[in-house]
>>> print(open('model.cif').read())   # mmCIF, C-alpha atoms and all ligand atoms
data_entry
loop_
_atom_site.label_atom_id
_atom_site.label_comp_id
_atom_site.auth_asym_id
_atom_site.auth_seq_id
_atom_site.Cartn_x
_atom_site.Cartn_y
_atom_site.Cartn_z
CA MET A 218 -29.55 2.67 2.23
CA ALA A 219 -27.36 5.71 1.97
CA SER A 220 -29.25 8.98 1.93
CA ALA A 221 -26.82 11.40 3.39
CA ASN A 222 -27.51 15.01 4.12
CA ALA A 223 -26.49 17.31 6.92
CA ALA A 224 -29.97 17.37 8.49
CA GLY A 225 -29.93 13.70 9.49
CA PHE A 226 -26.44 13.82 10.95
CA PRO A 227 -27.31 14.83 14.57
CA ASN A 228 -29.91 12.06 14.76
CA TRP A 229 -27.37 9.56 13.53
CA ILE A 230 -24.92 10.70 16.20
CA ALA A 231 -27.58 10.27 18.89
CA GLY A 232 -28.21 6.72 17.70
CA PHE A 233 -24.53 5.97 17.42
CA ARG A 234 -23.98 6.98 21.05
CA SER A 235 -25.64 3.82 22.32
CA ARG A 236 -23.60 1.63 19.97
CA ALA A 237 -20.45 3.36 21.20
CA ARG A 238 -21.55 2.77 24.80
CA ASN A 239 -21.97 -0.92 24.04
CA ALA A 240 -18.41 -0.91 22.72
CA GLY A 241 -17.15 0.47 26.02
CA ILE A 242 -16.97 4.18 25.20
CA SER A 243 -17.87 6.37 28.18
CA ASP A 244 -20.23 9.33 27.83
CA ARG A 245 -17.38 11.56 28.93
CA THR A 246 -15.15 10.37 26.06
CA PHE A 247 -18.05 10.56 23.64
CA ASP A 248 -19.03 14.12 24.63
CA ALA A 249 -15.45 15.38 24.39
CA ALA A 250 -14.96 13.71 21.01
CA PHE A 251 -18.21 15.00 19.53
CA ALA A 252 -18.17 18.48 21.13
CA ASN A 253 -16.90 20.14 17.95
CA VAL A 254 -17.84 17.54 15.38
CA SER A 255 -19.02 18.68 11.99
CA TYR A 256 -20.51 17.07 8.93
CA LEU A 257 -17.89 16.95 6.14
CA PRO A 258 -19.54 16.52 2.73
CA ASP A 259 -16.08 16.77 1.10
CA SER A 260 -15.15 13.42 2.63
CA ILE A 261 -18.21 11.80 1.07
CA GLU A 262 -17.38 13.37 -2.27
CA ARG A 263 -13.84 12.03 -2.12
CA ASP A 264 -14.95 8.57 -1.03
CA ARG A 265 -17.33 8.37 -3.99
CA ASN A 266 -14.99 9.77 -6.60
CA GLN A 267 -11.88 7.73 -5.94
CA ALA A 268 -10.44 7.22 -9.39
CA GLU A 269 -9.32 3.77 -10.40
CA PHE A 270 -5.58 3.54 -10.27
CA VAL A 271 -4.50 3.47 -13.91
CA ARG A 272 -1.50 5.78 -13.80
CA PRO A 273 1.57 4.35 -15.57
CA LEU A 274 4.02 2.77 -13.13
CA ALA A 275 6.74 4.93 -14.71
CA ASP A 276 4.87 8.09 -13.59
CA TYR A 277 4.06 6.73 -10.18
CA MET A 278 7.64 5.67 -9.48
CA ALA A 279 9.01 8.99 -10.71
CA SER A 280 7.16 10.80 -7.92
CA ALA A 281 7.13 8.05 -5.28
CA VAL A 282 10.89 7.54 -5.53
CA SER A 283 11.97 10.96 -6.78
CA GLU A 284 15.55 12.09 -6.30
CA THR A 285 14.30 14.62 -3.73
CA ARG A 286 12.55 11.91 -1.77
CA VAL A 287 15.65 9.70 -1.89
CA THR A 288 17.90 12.55 -0.72
CA THR A 289 15.49 13.55 2.04
CA GLY A 290 15.22 9.91 3.11
CA ARG A 291 18.98 9.67 3.47
CA GLU A 292 18.94 12.88 5.54
CA MET A 293 16.20 11.48 7.77
CA VAL A 294 18.13 8.26 8.36
CA ARG A 295 21.05 10.42 9.53
CA ARG A 296 18.92 12.81 11.60
CA TYR A 297 17.09 9.98 13.40
CA SER A 298 19.96 7.50 13.41
CA ASN A 299 19.81 6.96 17.19
CA VAL A 300 16.13 6.30 17.41
CA LEU A 301 16.11 4.21 14.21
CA ALA A 302 18.93 2.07 15.62
CA GLN A 303 16.93 1.51 18.80
CA ILE A 304 13.85 0.64 16.75
CA GLU A 305 15.93 -1.83 14.69
CA ALA A 306 17.30 -3.40 17.87
CA ARG A 307 13.79 -3.91 19.24
CA PHE A 308 11.88 -4.93 16.09
CA ASP A 309 14.51 -6.17 13.61
CA VAL A 310 13.43 -3.80 10.85
CA GLU A 311 16.09 -1.78 9.06
CA PRO A 312 16.16 2.05 9.32
CA SER A 313 15.91 2.41 5.54
CA VAL A 314 12.72 0.34 5.43
CA VAL A 315 10.97 2.24 8.22
CA THR A 316 12.09 5.52 6.66
CA ALA A 317 10.83 4.47 3.22
CA VAL A 318 7.33 3.81 4.59
CA TRP A 319 7.47 7.23 6.28
CA GLY A 320 8.49 8.84 2.98
CA MET A 321 5.73 7.14 1.03
CA GLU A 322 2.96 7.69 3.57
CA SER A 323 3.44 11.33 4.56
CA ASN A 324 6.54 12.56 2.72
CA TYR A 325 8.50 12.25 5.99
CA GLY A 326 5.80 13.82 8.12
CA SER A 327 5.13 16.86 5.96
CA ARG A 328 1.71 15.54 4.90
CA ARG A 329 0.19 13.91 7.96
CA GLY A 330 -3.34 15.14 7.13
CA ASP A 331 -5.26 17.87 8.94
CA THR A 332 -8.83 16.61 8.61
CA PRO A 333 -10.53 16.32 12.03
CA LEU A 334 -10.70 12.58 12.45
CA ILE A 335 -13.92 12.12 14.41
CA SER A 336 -15.75 14.41 11.99
CA THR A 337 -14.62 12.61 8.87
CA LEU A 338 -15.15 9.10 10.26
CA ALA A 339 -18.59 10.00 11.64
CA THR A 340 -19.56 11.57 8.31
CA LEU A 341 -18.49 8.49 6.36
CA ALA A 342 -20.09 6.08 8.83
CA TYR A 343 -23.34 8.09 8.60
CA ASP A 344 -23.12 8.26 4.80
CA GLY A 345 -23.29 4.50 4.73
CA ARG A 346 -21.62 3.57 1.46
CA ARG A 347 -18.93 1.84 3.50
CA GLY A 348 -20.75 2.46 6.76
CA ALA A 349 -19.73 -0.66 8.70
CA PHE A 350 -16.04 -0.13 7.92
CA PHE A 351 -16.04 3.52 8.94
CA GLU A 352 -18.13 2.89 12.06
CA SER A 353 -15.56 0.32 13.22
CA GLN A 354 -12.82 2.90 12.55
CA LEU A 355 -14.81 5.49 14.49
CA ILE A 356 -15.20 3.18 17.49
CA ALA A 357 -11.45 2.48 17.41
CA ALA A 358 -10.76 6.23 17.22
CA LEU A 359 -12.94 6.81 20.31
CA LYS A 360 -11.02 4.10 22.15
CA ILE A 361 -7.78 5.89 21.30
CA LEU A 362 -9.20 9.11 22.77
CA GLN A 363 -10.50 7.28 25.82
CA ASN A 364 -7.04 5.83 26.36
CA GLY A 365 -5.61 9.35 26.43
CA ASP A 366 -3.10 8.85 23.62
CA VAL A 367 -4.10 12.13 21.99
CA ALA A 368 -6.44 15.05 22.68
CA PRO A 369 -9.54 15.29 20.44
CA ALA A 370 -8.33 18.55 18.89
CA ASN A 371 -5.02 16.96 17.85
CA MET A 372 -6.55 13.82 16.38
CA THR A 373 -6.30 14.59 12.69
CA GLY A 374 -5.61 12.57 9.58
CA SER A 375 -6.58 12.00 5.98
CA TRP A 376 -10.20 12.26 4.87
CA ALA A 377 -10.30 8.42 4.96
CA GLY A 378 -9.04 8.21 8.54
CA ALA A 379 -5.31 7.47 8.06
CA MET A 380 -3.41 9.14 10.88
CA GLY A 381 0.02 10.51 11.58
CA HIS A 382 3.47 10.10 10.11
CA THR A 383 2.92 6.60 8.77
CA GLN A 384 -0.84 6.84 8.23
CA PHE A 385 -2.31 4.19 10.48
CA ILE A 386 -6.07 3.72 10.37
CA PRO A 387 -7.55 3.53 13.90
CA THR A 388 -8.01 -0.27 13.98
CA SER A 389 -4.37 -0.82 12.90
CA TYR A 390 -3.31 1.71 15.50
CA GLU A 391 -5.25 -0.18 18.16
CA ALA A 392 -3.54 -3.43 17.16
CA TYR A 393 0.03 -2.31 16.49
CA ALA A 394 0.89 1.20 17.71
CA VAL A 395 3.54 1.39 20.41
CA ASP A 396 4.77 4.00 22.87
CA PHE A 397 8.46 4.03 22.11
CA THR A 398 9.31 7.32 23.85
CA GLY A 399 8.07 5.94 27.17
CA ASP A 400 5.75 8.83 28.09
CA GLY A 401 2.74 6.53 28.28
CA ARG A 402 1.14 7.78 25.06
CA ARG A 403 1.34 6.24 21.59
CA ASP A 404 1.67 9.56 19.86
CA ILE A 405 1.90 9.18 16.08
CA TRP A 406 0.62 12.73 15.47
CA ALA A 407 3.35 14.79 17.17
CA ASP A 408 6.17 16.46 15.25
CA ASP A 409 8.49 13.90 16.84
CA PRO A 410 8.06 10.79 14.62
CA THR A 411 9.52 8.32 17.13
CA ASP A 412 6.30 6.55 18.15
CA ALA A 413 5.05 6.46 14.54
CA LEU A 414 8.27 4.97 13.20
CA ALA A 415 8.40 2.37 15.97
CA SER A 416 4.74 1.53 15.36
CA THR A 417 5.48 0.87 11.70
CA ALA A 418 8.38 -1.36 12.65
CA ALA A 419 6.10 -3.19 15.11
CA TYR A 420 3.62 -3.75 12.29
CA PHE A 421 6.31 -5.19 10.00
CA ARG A 422 7.59 -7.35 12.81
CA ARG A 423 4.10 -8.68 13.45
CA PHE A 424 3.91 -9.84 9.83
CA ASN A 425 7.33 -11.51 10.08
CA TRP A 426 9.61 -9.10 8.30
CA ARG A 427 13.00 -10.79 7.81
CA LYS A 428 15.84 -8.42 8.43
CA GLY A 429 18.44 -8.65 5.69
CA GLN A 430 16.09 -10.12 3.12
CA PRO A 431 15.28 -7.78 0.22
CA TRP A 432 11.69 -7.21 -0.90
CA GLY A 433 12.90 -8.04 -4.37
CA VAL A 434 15.87 -7.81 -6.69
CA GLU A 435 15.87 -6.58 -10.26
CA VAL A 436 16.82 -9.46 -12.57
CA ARG A 437 17.67 -10.16 -16.16
CA LEU A 438 15.62 -12.76 -18.02
CA PRO A 439 17.23 -15.07 -20.59
CA GLN A 440 16.45 -14.93 -24.32
CA GLY A 441 13.28 -16.86 -25.07
CA PHE A 442 12.20 -16.78 -21.43
CA ASP A 443 8.91 -18.55 -20.80
CA PHE A 444 6.72 -15.99 -19.01
CA GLU A 445 4.57 -18.78 -17.64
CA GLN A 446 7.20 -18.88 -14.90
CA THR A 447 6.20 -15.44 -13.62
CA GLY A 448 3.52 -14.99 -10.98
CA ARG A 449 2.90 -16.39 -7.54
CA ALA A 450 2.49 -20.03 -8.59
CA VAL A 451 6.16 -20.73 -9.42
CA THR A 452 8.54 -20.56 -6.45
CA ARG A 453 12.22 -21.43 -6.71
CA SER A 454 15.48 -20.74 -4.94
CA PRO A 455 17.69 -18.04 -6.49
CA ALA A 456 20.16 -20.79 -7.45
CA ASP A 457 17.45 -22.68 -9.33
CA TRP A 458 16.40 -19.50 -11.07
CA ALA A 459 20.03 -18.87 -12.03
CA ARG A 460 20.23 -22.36 -13.56
CA GLY A 461 17.29 -21.31 -15.75
CA GLY A 462 19.19 -18.18 -16.80
CA VAL A 463 17.49 -15.69 -14.45
CA VAL A 464 20.27 -13.65 -12.86
CA GLY A 465 20.79 -10.27 -11.23
CA VAL A 466 21.35 -7.24 -13.44
CA ASP A 467 25.07 -7.60 -12.60
CA GLY A 468 24.98 -10.94 -14.46
CA ARG A 469 25.52 -13.01 -11.34
CA ALA A 470 23.17 -15.40 -9.55
CA VAL A 471 21.06 -13.61 -6.95
CA PRO A 472 22.28 -14.50 -3.42
CA ASN A 473 20.24 -17.05 -1.55
CA TYR A 474 17.80 -14.82 0.33
CA GLY A 475 15.14 -17.55 0.36
CA ASP A 476 12.53 -18.87 -2.06
CA ALA A 477 11.45 -16.41 -4.70
CA THR A 478 8.91 -15.77 -7.43
CA LEU A 479 9.31 -13.68 -10.56
CA SER A 480 7.32 -10.62 -11.54
CA THR A 481 7.21 -8.43 -14.63
CA PRO A 482 4.79 -5.67 -13.56
CA THR A 483 4.59 -4.14 -17.05
CA GLY A 484 5.15 -7.32 -19.03
CA ALA A 485 8.08 -8.06 -21.32
CA GLY A 486 8.72 -4.35 -21.85
CA GLY A 487 10.00 -3.28 -18.45
CA PRO A 488 11.95 -4.41 -15.41
CA ALA A 489 11.74 -7.97 -14.08
CA PHE A 490 12.00 -8.70 -10.37
CA MET A 491 12.77 -11.67 -8.18
CA LEU A 492 10.43 -11.28 -5.21
CA PHE A 493 11.00 -12.56 -1.69
CA ARG A 494 8.69 -13.04 1.26
CA ASN A 495 9.30 -9.51 2.53
CA TYR A 496 7.37 -8.29 -0.52
CA ASP A 497 4.26 -9.80 1.08
CA VAL A 498 5.03 -8.08 4.37
CA ILE A 499 4.97 -4.67 2.67
CA SER A 500 1.71 -5.71 1.00
CA ARG A 501 0.12 -5.95 4.45
CA TYR A 502 0.57 -2.20 4.74
CA ASN A 503 -0.97 -1.48 1.35
CA ASN A 504 -1.68 -4.18 -1.20
CA ALA A 505 -1.14 -2.10 -4.36
CA GLU A 506 1.72 -3.46 -6.48
CA ALA A 507 2.96 0.05 -7.27
CA TYR A 508 3.05 0.92 -3.56
CA ILE A 509 4.95 -2.24 -2.60
CA ILE A 510 7.59 -1.70 -5.28
CA GLY A 511 7.71 1.99 -4.31
CA VAL A 512 8.44 1.28 -0.63
CA GLY A 513 10.92 -1.45 -1.52
CA HIS A 514 12.78 0.58 -4.09
CA LEU A 515 12.80 3.74 -1.95
CA SER A 516 14.33 1.77 0.92
CA ASP A 517 17.02 0.41 -1.43
CA ARG A 518 17.73 3.90 -2.76
CA ILE A 519 17.92 5.34 0.76
CA ARG A 520 20.44 2.61 1.60
CA GLY A 521 22.58 3.76 -1.35
CA ALA A 522 21.45 1.65 -4.31
CA GLY A 523 20.99 3.20 -7.74
CA PRO A 524 17.83 3.36 -9.88
CA PHE A 525 16.45 0.30 -11.67
CA GLN A 526 18.44 -0.58 -14.79
CA ALA A 527 15.40 -1.25 -16.96
CA ALA A 528 12.82 1.53 -17.34
CA PHE A 529 9.09 1.10 -16.90
CA PRO A 530 7.46 1.97 -20.24
CA ALA A 531 6.28 5.59 -20.15
CA ASP A 532 2.93 4.94 -21.85
CA GLU A 533 1.99 1.73 -20.06
CA ARG A 534 -1.13 2.65 -18.13
CA ARG A 535 -3.14 -0.01 -16.35
CA LEU A 536 -6.53 -1.11 -17.58
CA ARG A 537 -9.68 -0.05 -15.80
CA ARG A 538 -11.99 -2.80 -14.64
CA ALA A 539 -14.38 -2.19 -17.55
CA GLU A 540 -11.44 -2.45 -19.95
CA ARG A 541 -10.24 -5.67 -18.34
CA ARG A 542 -13.71 -7.12 -18.85
CA GLU A 543 -13.66 -5.93 -22.45
CA LEU A 544 -10.25 -7.56 -22.95
CA GLN A 545 -11.57 -10.85 -21.57
CA GLN A 546 -14.67 -10.67 -23.74
CA ARG A 547 -12.67 -9.93 -26.88
CA LEU A 548 -10.16 -12.73 -26.17
CA THR A 549 -13.00 -15.17 -25.56
CA ASP A 550 -14.77 -14.07 -28.75
CA ALA A 551 -11.52 -14.59 -30.67
CA GLY A 552 -11.31 -18.20 -29.45
CA PHE A 553 -9.01 -17.70 -26.46
CA SER A 554 -11.28 -18.42 -23.49
CA THR A 555 -10.47 -16.54 -20.28
CA GLY A 556 -12.76 -18.83 -18.27
CA GLY A 557 -15.20 -16.02 -17.52
CA VAL A 558 -15.52 -12.26 -17.85
CA ASP A 559 -15.10 -10.79 -14.38
CA GLY A 560 -12.52 -8.05 -14.82
CA ARG A 561 -9.96 -9.97 -12.78
CA ILE A 562 -6.82 -11.01 -14.58
CA GLY A 563 -6.02 -14.40 -13.03
CA PRO A 564 -4.15 -17.47 -14.31
CA ASN A 565 -6.85 -18.32 -16.90
CA SER A 566 -6.82 -14.83 -18.36
CA ARG A 567 -3.03 -14.78 -18.47
CA ALA A 568 -2.99 -18.15 -20.22
CA ALA A 569 -5.52 -16.84 -22.76
CA ILE A 570 -3.44 -13.71 -23.33
CA ARG A 571 -0.30 -15.80 -23.84
CA ALA A 572 -2.08 -18.12 -26.29
CA TYR A 573 -3.30 -15.11 -28.25
CA GLN A 574 0.15 -13.48 -28.17
CA ARG A 575 1.76 -16.67 -29.47
CA ALA A 576 -0.85 -16.94 -32.22
CA VAL A 577 -0.11 -13.43 -33.48
CA GLY A 578 3.66 -13.57 -32.93
CA LEU A 579 3.99 -11.25 -29.89
CA PRO A 580 6.20 -11.95 -26.84
CA ALA A 581 3.95 -14.22 -24.76
CA ASP A 582 4.21 -12.34 -21.45
CA GLY A 583 0.51 -12.71 -20.53
CA HIS A 584 0.39 -9.03 -19.60
CA PRO A 585 -3.00 -7.27 -19.96
CA SER A 586 -1.67 -4.14 -21.65
CA PHE A 587 -3.62 -1.31 -23.21
CA ALA A 588 -1.79 -1.97 -26.49
CA LEU A 589 -3.11 -5.53 -26.43
CA LEU A 590 -6.67 -4.32 -25.88
CA GLN A 591 -6.29 -1.86 -28.76
CA ARG A 592 -5.02 -4.60 -31.00
CA LEU A 593 -8.03 -6.78 -30.15
CA ARG A 594 -10.38 -3.91 -31.00
CA CA B 1 5.09 8.17 23.37
#
>>> encode(input="model.cif", output="structure tokens")
Amino acid sequence: MASANAAGFPNWIAGFRSRARNAGISDRTFDAAFANVSYLPDSIERDRNQAEFVRPLADYMASAVSETRVTTGREMVRRYSNVLAQIEARFDVEPSVVTAVWGMESNYGSRRGDTPLISTLATLAYDGRRGAFFESQLIAALKILQNGDVAPANMTGSWAGAMGHTQFIPTSYEAYAVDFTGDGRRDIWADDPTDALASTAAYFRRFNWRKGQPWGVEVRLPQGFDFEQTGRAVTRSPADWARGGVVGVDGRAVPNYGDATLSTPTGAGGPAFMLFRNYDVISRYNNAEAYIIGVGHLSDRIRGAGPFQAAFPADERRLRRAERRELQQRLTDAGFSTGGVDGRIGPNSRAAIRAYQRAVGLPADGHPSFALLQRLR
């Protein structure tokens, strides 16, 4: 049970010491790490008040892939061209991709986070709402200190424990961070982003990034397109998609980058994408659709591509979980069963939405839009 207040914090630390010892943390490491630790109620507040992500994709993309961020990204690719070329040679991940992650995660190092890491992780582990997760992050953070990669005073990050230029959490750091400068320390906190950029490339490599394959390509759908073909279940080669009328926005078949699925993140009213396996690799970094498209598109823009041709609808915000449940309930009540009311929009819900859309003469894109919910009300 979580009953967090500052008074119980020292006791919790005393108890945690033995668990840290069992995990191989020496008393010397522990004492140095906890010498200046403080209880951070702000972190608890932020952990509890994380808003559901309902911002329209149009808004999100406007800031995630702003012209300033694109221009800065191109500058960074030039400024770090030598080190990015060496990273590409070692890990087979393109400079624009590594730089795009850097831009998304910390705005190219300008927002690395200055929260003392041990303090925030200890506070959140003690708080207990996600205690096991944060305690495992705290143990990993202590291992990093014990290894000498960074001094306790310099180990800072976000309130949730994401560290450095490309915002690794401690367990990801333990698994994937590399020392690319050769000084014996995997330093993702320093002003020099070399180790952080190489660590991100190592992460992508580990999840089988394919150099030269796009994350996705914006496509044009034919008149009368059957939206049942979107989603992860239908995989075809770009040539097969072209035979069905799905082509690039230049009107030509998409080159054969490998098997692909189709996605319309905001339904019929917005861009359509042909997605390749590299899309899933980006998702290993952060599984939010907006983030994946943001990294992918920013990397394309940094490499010189223009904006998407179709615009995301400005007013298309995502549904909250309670609203998704309401949508399912209302569809079911109207005779279009979603196979349960759980707030998750899976194949059954999409089929129900399409059936309803067909019945009322809307484009049957199966998209759980706010307009659709309003109409059902
Ligand atoms: Ca280093």
>>> residues_around(input="model.cif", residues="A:Arg236", least_positions_apart="4", cutoff="12 Å", atoms="all atoms listed in the file", output="list in words")
Trp229, Ile230, Ala231, Gly232, Ala240, Gly241, Ile242, Ser243, Asp244, Phe247, Glu352, Ser353, Leu355, Ile356 and Leu359 of chain A
>>> atom_distance(input="model.cif", atom1="atom CA of A:Gly560", atom2="atom CA of A:Gly441")
29.1 Å
>>> residues_near_point(input="model.cif", point="(0.9, -5.3, -5.3)", cutoff="12 Å", atoms="all atoms listed in the file", output="tab-separated table (two decimals) with C-alpha atoms, in the frame of the given file")
chain	number	residue	atom	x	y	z
A	274	LEU	CA	4.02	2.77	-13.13
A	432	TRP	CA	11.69	-7.21	-0.90
A	448	GLY	CA	3.52	-14.99	-10.98
A	449	ARG	CA	2.90	-16.39	-7.54
A	480	SER	CA	7.32	-10.62	-11.54
A	481	THR	CA	7.21	-8.43	-14.63
A	482	PRO	CA	4.79	-5.67	-13.56
A	492	LEU	CA	10.43	-11.28	-5.21
A	496	TYR	CA	7.37	-8.29	-0.52
A	497	ASP	CA	4.26	-9.80	1.08
A	498	VAL	CA	5.03	-8.08	4.37
A	499	ILE	CA	4.97	-4.67	2.67
A	500	SER	CA	1.71	-5.71	1.00
A	501	ARG	CA	0.12	-5.95	4.45
A	502	TYR	CA	0.57	-2.20	4.74
A	503	ASN	CA	-0.97	-1.48	1.35
A	504	ASN	CA	-1.68	-4.18	-1.20
A	505	ALA	CA	-1.14	-2.10	-4.36
A	506	GLU	CA	1.72	-3.46	-6.48
A	507	ALA	CA	2.96	0.05	-7.27
A	508	TYR	CA	3.05	0.92	-3.56
A	509	ILE	CA	4.95	-2.24	-2.60
A	510	ILE	CA	7.59	-1.70	-5.28
A	511	GLY	CA	7.71	1.99	-4.31
A	512	VAL	CA	8.44	1.28	-0.63
A	513	GLY	CA	10.92	-1.45	-1.52
>>> atom_distance(input="model.cif", atom1="atom CA of A:Asp408", atom2="atom CA of A:Asn425")
28.5 Å
>>> closest_atom_pairs(input="model.cif", of="stretch 350-377 of chain A", to="stretch 311-331 of chain A", cutoff="8 Å", atoms="all atoms listed in the file", output="Markdown table")
| residue | atom | partner | partner_atom | distance |
| --- | --- | --- | --- | --- |
| A:Thr373 | CA | A:Asp331 | CA | 5.1 |
| A:Gly374 | CA | A:Gly330 | CA | 4.2 |
| A:Ser375 | CA | A:Gly330 | CA | 4.7 |
| A:Trp376 | CA | A:Gly330 | CA | 7.8 |
>>> residues_near_ligand(input="model.cif", ligand="ligand CA 1 (chain B)", cutoff="10 Å", atoms="only C-alpha atoms and all ligand atoms", output="PyMOL selection string")
chain A and resi 366+394-405+407+409-413+415
>>> axis_aligned_box(input="model.cif", around="stretch 248-267 of chain A", padding_each_side="5 Å", output="JSON")
{"center_x": -16.2, "center_y": 13.9, "center_z": 9.0, "size_x": 18.6, "size_y": 22.4, "size_z": 41.2}
>>> residues_around(input="model.cif", residues="stretch 427-431 of chain A", least_positions_apart="4", cutoff="7 Å", atoms="only C-alpha atoms", output="PyMOL selection string")
chain A and resi 309-311+474+493+495
>>> atom_distance(input="model.cif", atom1="atom CA of A:Arg571", atom2="atom CA of A:Phe444")
8.5 Å
>>> closest_residue(input="model.cif", among="A:Ile519, A:Trp426, A:Thr337, A:Glu445", to="A:Arg295", atoms="all atoms listed in the file")
A:Ile519
>>> residues_around(input="model.cif", residues="A:Gln546", least_positions_apart="6", cutoff="12 Å", atoms="only C-alpha atoms", output="MDAnalysis selection string")
chainID A and resid 539:540 552:561 566 569:570 590 593:594
>>> closest_residue(input="model.cif", among="A:Gln440, A:Gln545, A:Ser416, A:Ser516", to="A:Arg307", atoms="all atoms listed in the file")
A:Ser416
>>> closest_residue(input="model.cif", among="A:Ile261, A:Ala459, A:Val471, A:Leu334", to="A:Arg346", atoms="all atoms listed in the file")
A:Ile261
>>> residues_near_point(input="model.cif", point="(-9.1, 15.1, 23.0)", cutoff="7 Å", atoms="only C-alpha atoms", output="list of chain:residue names")
A:Ala249, A:Ala250, A:Leu362, A:Val367, A:Ala368, A:Pro369, A:Ala370, A:Asn371
>>> residues_around(input="model.cif", residues="A:Phe251", least_positions_apart="3", cutoff="8 Å", atoms="all atoms listed in the file", output="PyMOL selection string")
chain A and resi 247-248+254+335-336
>>> closest_residue(input="model.cif", among="A:Thr383, A:Gln303, A:Gln574, A:Thr285", to="A:Arg592", atoms="only C-alpha atoms")
A:Gln574
>>> residues_around(input="model.cif", residues="A:Gly523", least_positions_apart="4", cutoff="12 Å", atoms="all atoms listed in the file", output="number ranges by chain")
A: 282-284, 287, 435, 466, 514-519, 527
